[in-house]
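Since the structure comes first, as structure tokens, the remarks are kept for the end.
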Amino acid sequence: MGRNTTALYARGRIDPRKNTKTKKYERKTLKKANEKSDETNSVDGKQAHVALINKINQMSQVYRSAVVDVESDARPGEGAGLPQTKRPKHKEVTARPEIGGIDDRQALPGSSETLSDQEEEKPKVGPSAFRSTKRLYALPTRKELETLKEAENLFKSGLFRFQMEELLKHVHSNKVPEHIQTCVNELAEKLTSIEKLNELKIKDGKVKGKFPVPFQPPLHVKDTTGTSSMDFRLKGEETDRQCKVDYIGSVLGGLLAQPSLDVDVCVEMPRGLLQHQDRKRFRYLYKRAVFLAYITSIASKLQSVHSITYESFQGDEFKPILCIRPYAPLKTSHPKENGEEAGTSTKQESVQKKPSRFRIIIHVVPPDNFFKINQLGPTNNTFDWDDPEMLFITTPIQFAGQIAGTATPRYTLRLVQDVLMQKHAAFVADIAREFGQNFKETVLLLKTWLRQRGFTSRSFGTMNGFVATMLLAHLLQQREIPREASPYQMFRKVLAVLATSTWNETPLVMKSSVDIGARPPPVEDMQAAFLVCFIDPSGFCNLLGQMTIGQYDDLRFEAARGIHLLESDEPEAAFAALFLARLEPLYKFDTMLHAKISPSIIKQYPAQILDRGGQWIHLAMRLLPVMTRRGLGDRATVVVALNPSTSAWDVTMDPQSIFTMSETTISIGIQLNMETFYREDSAVAEFTNFWGEKAALRSLPDGSLRHAVVWDTHPHQRHLLIKWIALHVLSRHAKLSNTEIAMQPYLFEPVLAGAGIPHPLAIALTRQTLGENIRYIEALSSRDDNGLIASQFVSDAFTDLARIIRRLDLPLNVRDILCVSSTYRLSDPFPSVAPLLCSAEANRPLKHLPGEASKPVIEVVIQFESSSRWPEDVAILQQVKLAFLIRICSLLEQKSTATGIQTRLTRQFLDITYRGAVFRLVIHVDRELTTIHRQAEAHHLEAETLEGKDRTDVLRAAAQLSALADVMTRDFQILPQLSTWIRAFAVQFPTFGYIARLAKQWIHSHMFSSYIADEVVDLLVLALFNRDEPYGPPSTPDVGFLRFLHLVSHHNWVHDPFFVDPDGSLSDVCKSDIRENFRLNRDSLPIMFIVTSIDQKSSWTKETPSKLVFQRLVRFARSAEAATVKALTSVINGLTGDSPTNIKTIFSTPLGVYDVVFHVNPDVAARYQYARSAFASEQDMPDKTKMSTAGKQFKNLELMGNVGPVRAGCNPIASLFRDLQSNFSHVAMFWYNEQSGRVICAAIKPEEMASLSEP
């Protein structure tokens, strides 16, 4: 609670020189105040009032001083127990005048040397604690009111504003350490020796025999004489041998953003090393790399340097940069020797070294005004390379033709960037000073947003922080953004401009404010030379000249996504999605295409390969996405080649050159649009030329003739259309074979293979009885079926059955018939399907099949119209419901001949077998639930008048009624609405059902069946489509399943409730109340608290899972997520010769971790026959002879052959599991898989295991 006296002294409050003797100083001050108060008694009445006020002020100042002294004495200061040493003055480092003319104390904005000692160490002091009552409860000031209004109108919540301000505090780096400037000055001093150097000697591609040149291109015959390469002698006077060192980049404008703390330093090459013709044929780029290696040889000898590496500037290996990480001083303390005098000082300081968090990035550029800028236009042939075959000596390529005199704007752009680098840095610094703090904070937000999406300065062709800064400066100069706008407004405007931009059609030209002494080229030439145009203030440099159309589409897609998040109703989640969540390609793109390419892929494009200086990989990264995007049409929103991961390499290692690479692999990310499957009309000639033999003239149902491409496939294989299109297009236009392309949009399809397939014996009997003319029988018997047809068949059967029931002659009209089964919701991993499917003859019963009679039922809830004649008593109401079931059963049996319906009646439900599916009909009456609530309240009132055992019995009965009411509310009110939501999303998004079924199969395969309800999984998958930040709805099951695992393992379940709001009816006030209640009652709430608008008590997780099960679930999800990432990444292994990862291991759990394992007969498993084909072949199934052999050993297995048919909906394994759990839950925890498991596992509790091990 103490205060820093130095800070208070800086504010003019107290004098620290009088702070050494607090009590004595306090007494003197009080005495002087009393003397002054005595003097005021002698003045007249008019002055008495003024004197009294002065006395009060003096007394208050004394009181403040005393309190501050007491607090300072009560709390140990920052330097408590240490000797008060004076801070050493800054030691000036003598530097050459060529270092930009920047003094050490004025070198960098915000650096530690620009502040005085007091200002640097002065902490921020909050509002005074000695405010008067009037000031403490004063009305808000105008600034405070404006802040509140801005937070309400712009940020939608004060929390979003607070999060943004905190982010800026953590991201902004306003200090550049002294050791960084010291290291730069030392390097500049060492570079003075270049004046005495006559020649840079290169032997075997190395400078000084140790440091390889970081860029080694093939040299043209014009630039070589025999075995020697180009001239590296330094000519001219002494001034021509000098090099200039200057700061550039973010550090000049105070725009340095963490965590990339890179201080950019520009080193001008000596004029004597260059020639004006060096702009051609790699000459400048090679000399630039040679001089950079020479700087490396100097920097390696500095004692202040920790490590030195090379990196590629903006992912371009033609332009390496030098990365220097110096040492940072680390102050430590150690005790003094025993011989020193006690009481003086117990510790002394020593200095150690550690690697600095900052890096120095060395950029080598040509001298100012050396190259004529008018010779570096987009129409100039700067490369001047006649024969492209000379670029690929190790892998000869026969190009389509010899191209001479072709313009090379992309090669020229590399030179223009270096020529204008210092001018761009000065321009940004001036803009930052002109527009102030809001501009700087907006740049930090943009850099953070870009970095989280992979758009960094290390990626080739993408937008980086510098380009975003130039765009913001352009908008401010054009007054599209007012100067007074807040950082949030500026950030939002930049995203809006990016999302709606058309720079591929209309170039964006900045205001001409950089004079370079030449007339810029026409904008039309820029537009014709580049795909995307954003022209800098000089008019010569296209800031996005290397960007492809795919990268531009990706940028616009992410910007539009950002605007959507800012306009959402959850600003807190929007902030995390914009600035905190890092978008990984495997999570972001719906599918990935991997292609193994060689330089021969670009032999049809000699002009474009010359334009790129032989960079065939970048050319392929442009061509392949364009071909794929054209084939997919509007089925894809983004098709972009991903930049290969570039890492730094050691300065003593030889660089990897693309000119010697024989092959490589590139990855293409595809963002799908599953809502659109049509294709725009195109010219017939162009259409047929693109598709080749696949294009054919087809007669459409409306009678028109159209050229179309037809893919012969089964309905359950339509999702593979993306793969077939990509394979055909790349094979026809890029000459890539199927062995050179790896693409698996549905990698986990084998997990669900065989879903919905009837028992093989049932199919055989059906064919014998009715022949081969049965609808769906071939599709259902296919091993590639993934359950889609089976689920759709059940949905159609339910629709027809509901129509039949509504037409029955009943006392009351049917209000609703709702199917609440996961099969109807299209989320059942292995939907049950009957073997007899369509005709009336097919509904006559066959003999019992293994597992067929015990297949799961499909639950249906029926509600009648409201009536006052429903009884009030629950028991009587049950009898009335039974009468309705009897009536429905009787009416359906009368129509059994025509419809093939079979029924089985019980007192609680009615089973209806229709088209082979068993529908379980249950009647729900709203009055029943109301009556139960009323009876529970009556029991509570009655309990207040009773005592002893009677009171206990009544309260127990009330608790049972309340529990029954909760179950009925969940099953008859919440579940129907939830099923309606899930069904709607499954129909709207075709991948919803696949993802839900994969997630459920994973849950069941790891034996969480009894702890995680299917509805919980459906809600979590629903959140992937409803809470779509930061990626959007998944369009493929693989990505959706990966995001599901990430959601389970990374959501903060302990501290945050999980909201799922499909209909958007949860208001912010409601969510706030739920969060507050969650915080207050966290210990009594479920560990997984899932909230919807119809269920704010998390009914599905109220009893399970427990904390132990939840921890196990999270651990499994994290492990499965890592395995899934590895599996998706291993798709490319087929191109490199490695074997891909076995995905089925993700869906299998080891049995060795359990103490007891019960093996059961698979014939009694309810769904075992539907799931077995997904993981094993027939020969891998358990042999019944082994079961019979086991029967000779175990008495309980001898009765297995006497077990008769089991009614539908009865799961013997689940019944056995419940019996074990109810009787032995105090001894062990039991686990089983209700879908396809053949075992029940038990883990004995540790305390019981300890008791068993005791003798």
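Residue numbering restarts at 1 for every chain of the structure tokens, chains are lettered A, B, ... in their displayed order, and ligands are numbered from 1 as they appear.
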Close residues, Ile901 in chain A itself excluded, 9 Å, only C-alpha atoms, min 6 positions apart in chain, as a PyMOL selection string = chain A and resi 843+892-893+895+912-915
Store the residues picked out above in a file with N, CA and C atoms, as a PDB file, in the first residue's frame.
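Saved result, result_4.pdb, follows:
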ATOM      1  N   ASN A 843     -42.531 -56.871 -45.940  1.00  0.00           N
ATOM      2  CA  ASN A 843     -42.750 -56.641 -44.524  1.00  0.00           C
ATOM      3  C   ASN A 843     -43.168 -57.904 -43.775  1.00  0.00           C
ATOM      4  N   LEU A 892     -53.742 -49.151 -36.377  1.00  0.00           N
ATOM      5  CA  LEU A 892     -52.608 -49.485 -37.240  1.00  0.00           C
ATOM      6  C   LEU A 892     -52.647 -50.936 -37.674  1.00  0.00           C
ATOM      7  N   GLU A 893     -53.106 -51.827 -36.803  1.00  0.00           N
ATOM      8  CA  GLU A 893     -53.190 -53.234 -37.180  1.00  0.00           C
ATOM      9  C   GLU A 893     -54.215 -53.453 -38.291  1.00  0.00           C
ATOM     10  N   LYS A 895     -54.555 -51.601 -40.747  1.00  0.00           N
ATOM     11  CA  LYS A 895     -53.909 -51.202 -41.998  1.00  0.00           C
ATOM     12  C   LYS A 895     -52.623 -51.966 -42.243  1.00  0.00           C
ATOM     13  N   ILE A 912     -43.625 -49.728 -33.137  1.00  0.00           N
ATOM     14  CA  ILE A 912     -44.195 -49.855 -34.484  1.00  0.00           C
ATOM     15  C   ILE A 912     -43.061 -50.210 -35.428  1.00  0.00           C
ATOM     16  N   THR A 913     -43.153 -51.365 -36.039  1.00  0.00           N
ATOM     17  CA  THR A 913     -42.162 -51.788 -37.028  1.00  0.00           C
ATOM     18  C   THR A 913     -42.688 -51.433 -38.407  1.00  0.00           C
ATOM     19  N   TYR A 914     -41.985 -50.517 -39.047  1.00  0.00           N
ATOM     20  CA  TYR A 914     -42.431 -50.025 -40.347  1.00  0.00           C
ATOM     21  C   TYR A 914     -41.205 -49.889 -41.249  1.00  0.00           C
ATOM     22  N   ARG A 915     -41.270 -50.554 -42.388  1.00  0.00           N
ATOM     23  CA  ARG A 915     -40.155 -50.579 -43.332  1.00  0.00           C
ATOM     24  C   ARG A 915     -38.872 -51.076 -42.664  1.00  0.00           C
TER      25      ARG A 915
END
inquiry  = For range 600-606 of chain A, find every residue with an atom within 12 Å (counting only C-alpha atoms), except residues of its own chain fewer than 6 positions away, and show them as a PyMOL selection string.
reply    = chain A and resi 385-392+395-404+406+408+612-624+661-664+730-731+733-737+740
request  = Could you give me, as a ChimeraX atom specification, the residues within 6 Å of range 978-993 of chain A, counting only C-alpha atoms and dropping anything in the same chain fewer than 6 positions from it?
outcome  = /A:820,825-827,1035-1037
request  = Could you tell me which of A:Ala957, A:Ala188, A:Ala883, A:Thr646 comes closest to Ser457 in chain A if we count only C-alpha atoms?
outcome  =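 Nearest to Ser457 in chain A: A:Thr646.
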query = Among range 248-347 of chain A, which residues carry a DSSP assignment of strand (DSSP E or B), reported as a PyMOL selection string?
reply = chain A and resi 248+257+262-268+305-313+316-335+347
message = Give me, as an MDAnalysis selection string, all polymer residues having an atom no more than 7 Å from range 936-938 of chain A, counting only C-alpha atoms and skipping those fewer than 3 positions away in the same chain.
response = chainID A and resid 932:933 941:942 958 961:962
Filtering to N, CA, C and O atoms, could you give me those residues as a CSV table (one decimal), in the first residue's frame?
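Wrote out06.csv, looks like this:
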chain,number,residue,atom,x,y,z
A,932,ILE,N,-47.4,-33.1,-11.7
A,932,ILE,CA,-46.2,-33.7,-10.9
A,932,ILE,C,-45.6,-32.5,-10.1
A,932,ILE,O,-45.2,-32.7,-8.9
A,933,HIS,N,-45.4,-31.4,-10.7
A,933,HIS,CA,-44.8,-30.2,-10.0
A,933,HIS,C,-45.7,-29.8,-8.9
A,933,HIS,O,-45.3,-29.5,-7.8
A,941,LEU,N,-45.0,-28.6,1.3
A,941,LEU,CA,-45.9,-27.9,2.3
A,941,LEU,C,-46.3,-28.9,3.4
A,941,LEU,O,-46.4,-28.5,4.6
A,942,GLU,N,-46.6,-30.1,3.1
A,942,GLU,CA,-47.0,-31.1,4.1
A,942,GLU,C,-45.8,-31.4,5.0
A,942,GLU,O,-46.0,-31.6,6.2
A,958,ALA,N,-41.2,-36.1,-2.3
A,958,ALA,CA,-41.1,-34.9,-3.0
A,958,ALA,C,-39.9,-34.8,-3.9
A,958,ALA,O,-39.9,-34.4,-5.0
A,961,LEU,N,-40.4,-37.0,-6.9
A,961,LEU,CA,-41.3,-36.3,-7.9
A,961,LEU,C,-40.6,-35.2,-8.6
A,961,LEU,O,-40.7,-35.0,-9.8
A,962,SER,N,-39.7,-34.5,-7.9
A,962,SER,CA,-38.9,-33.4,-8.6
A,962,SER,C,-38.0,-34.0,-9.6
A,962,SER,O,-37.8,-33.5,-10.7
task = Go through A:Arg483, A:His1050, A:Arg458, A:Arg271 and flag the residue nearest Gly436 in chain A, using only C-alpha atoms for the distances.
result =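 Among the listed residues, the smallest separation from Gly436 in chain A belongs to A:Arg483.
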message = Could you tell me how far CA of Gly633 in chain A sits from CA of Trp449 in chain A, in Å to one decimal place?
response =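 Between these atoms lies a distance of 29.1 Å.
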message = Applying 12 Å and only C-alpha atoms, which residues near Cys1070 in chain A remain after dropping the ones on its own chain fewer than 2 positions away? List them as a list of chain:residue names.
response =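 The residues satisfying every condition are A:Phe1059, A:Asp1061, A:Gly1064, A:Ser1065, A:Leu1066, A:Ser1067, A:Asp1068, A:Ser1072, A:Asp1073, A:Ile1074, A:Arg1075, A:Glu1076, A:Asn1077, A:Val1091, A:Thr1092, A:Ser1093, A:Gln1096.
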request  = Within 7 Å of range 1239-1245 of chain A, counting only C-alpha atoms, which residues show up once you throw out same-chain ones fewer than 5 positions away? Write them as a list in words, please.
outcome  =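 The neighbour list is Tyr1154, Asp1155, Val1156, Val1157, Phe1158, His1159, Val1160, Val1227, Ala1228, Met1229, Phe1230, Trp1231 and Tyr1232 of chain A.
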query = Which one is closest to Trp691 in chain A: A:Arg1027, A:Lys493, A:His276, A:Arg732? Count only C-alpha atoms.
reply = A:Arg732
task = Pick out each residue of range 491-670 of chain A that DSSP on the backbone tags as alpha helix (DSSP H); I need them as an NGL selection string.
result = :A and (491-500 or 523-529 or 549-566 or 571-575 or 585-588 or 606-611 or 616-632)
Proximity check range 249-319 of chain A to range 235-240 of chain A, 12 Å, nearest pairs one decimal Å, only C-alpha atoms, as a Markdown table:
| residue | atom | partner | partner_atom | distance |
| --- | --- | --- | --- | --- |
| A:Glu268 | CA | A:Asp240 | CA | 11.1 |
| A:Met269 | CA | A:Asp240 | CA | 9.4 |
| A:Pro270 | CA | A:Asp240 | CA | 5.8 |
| A:Arg271 | CA | A:Asp240 | CA | 4.8 |
| A:Gly272 | CA | A:Lys235 | CA | 4.4 |
| A:Leu273 | CA | A:Lys235 | CA | 6.7 |
| A:Leu274 | CA | A:Lys235 | CA | 8.8 |
| A:Gln275 | CA | A:Lys235 | CA | 10.0 |
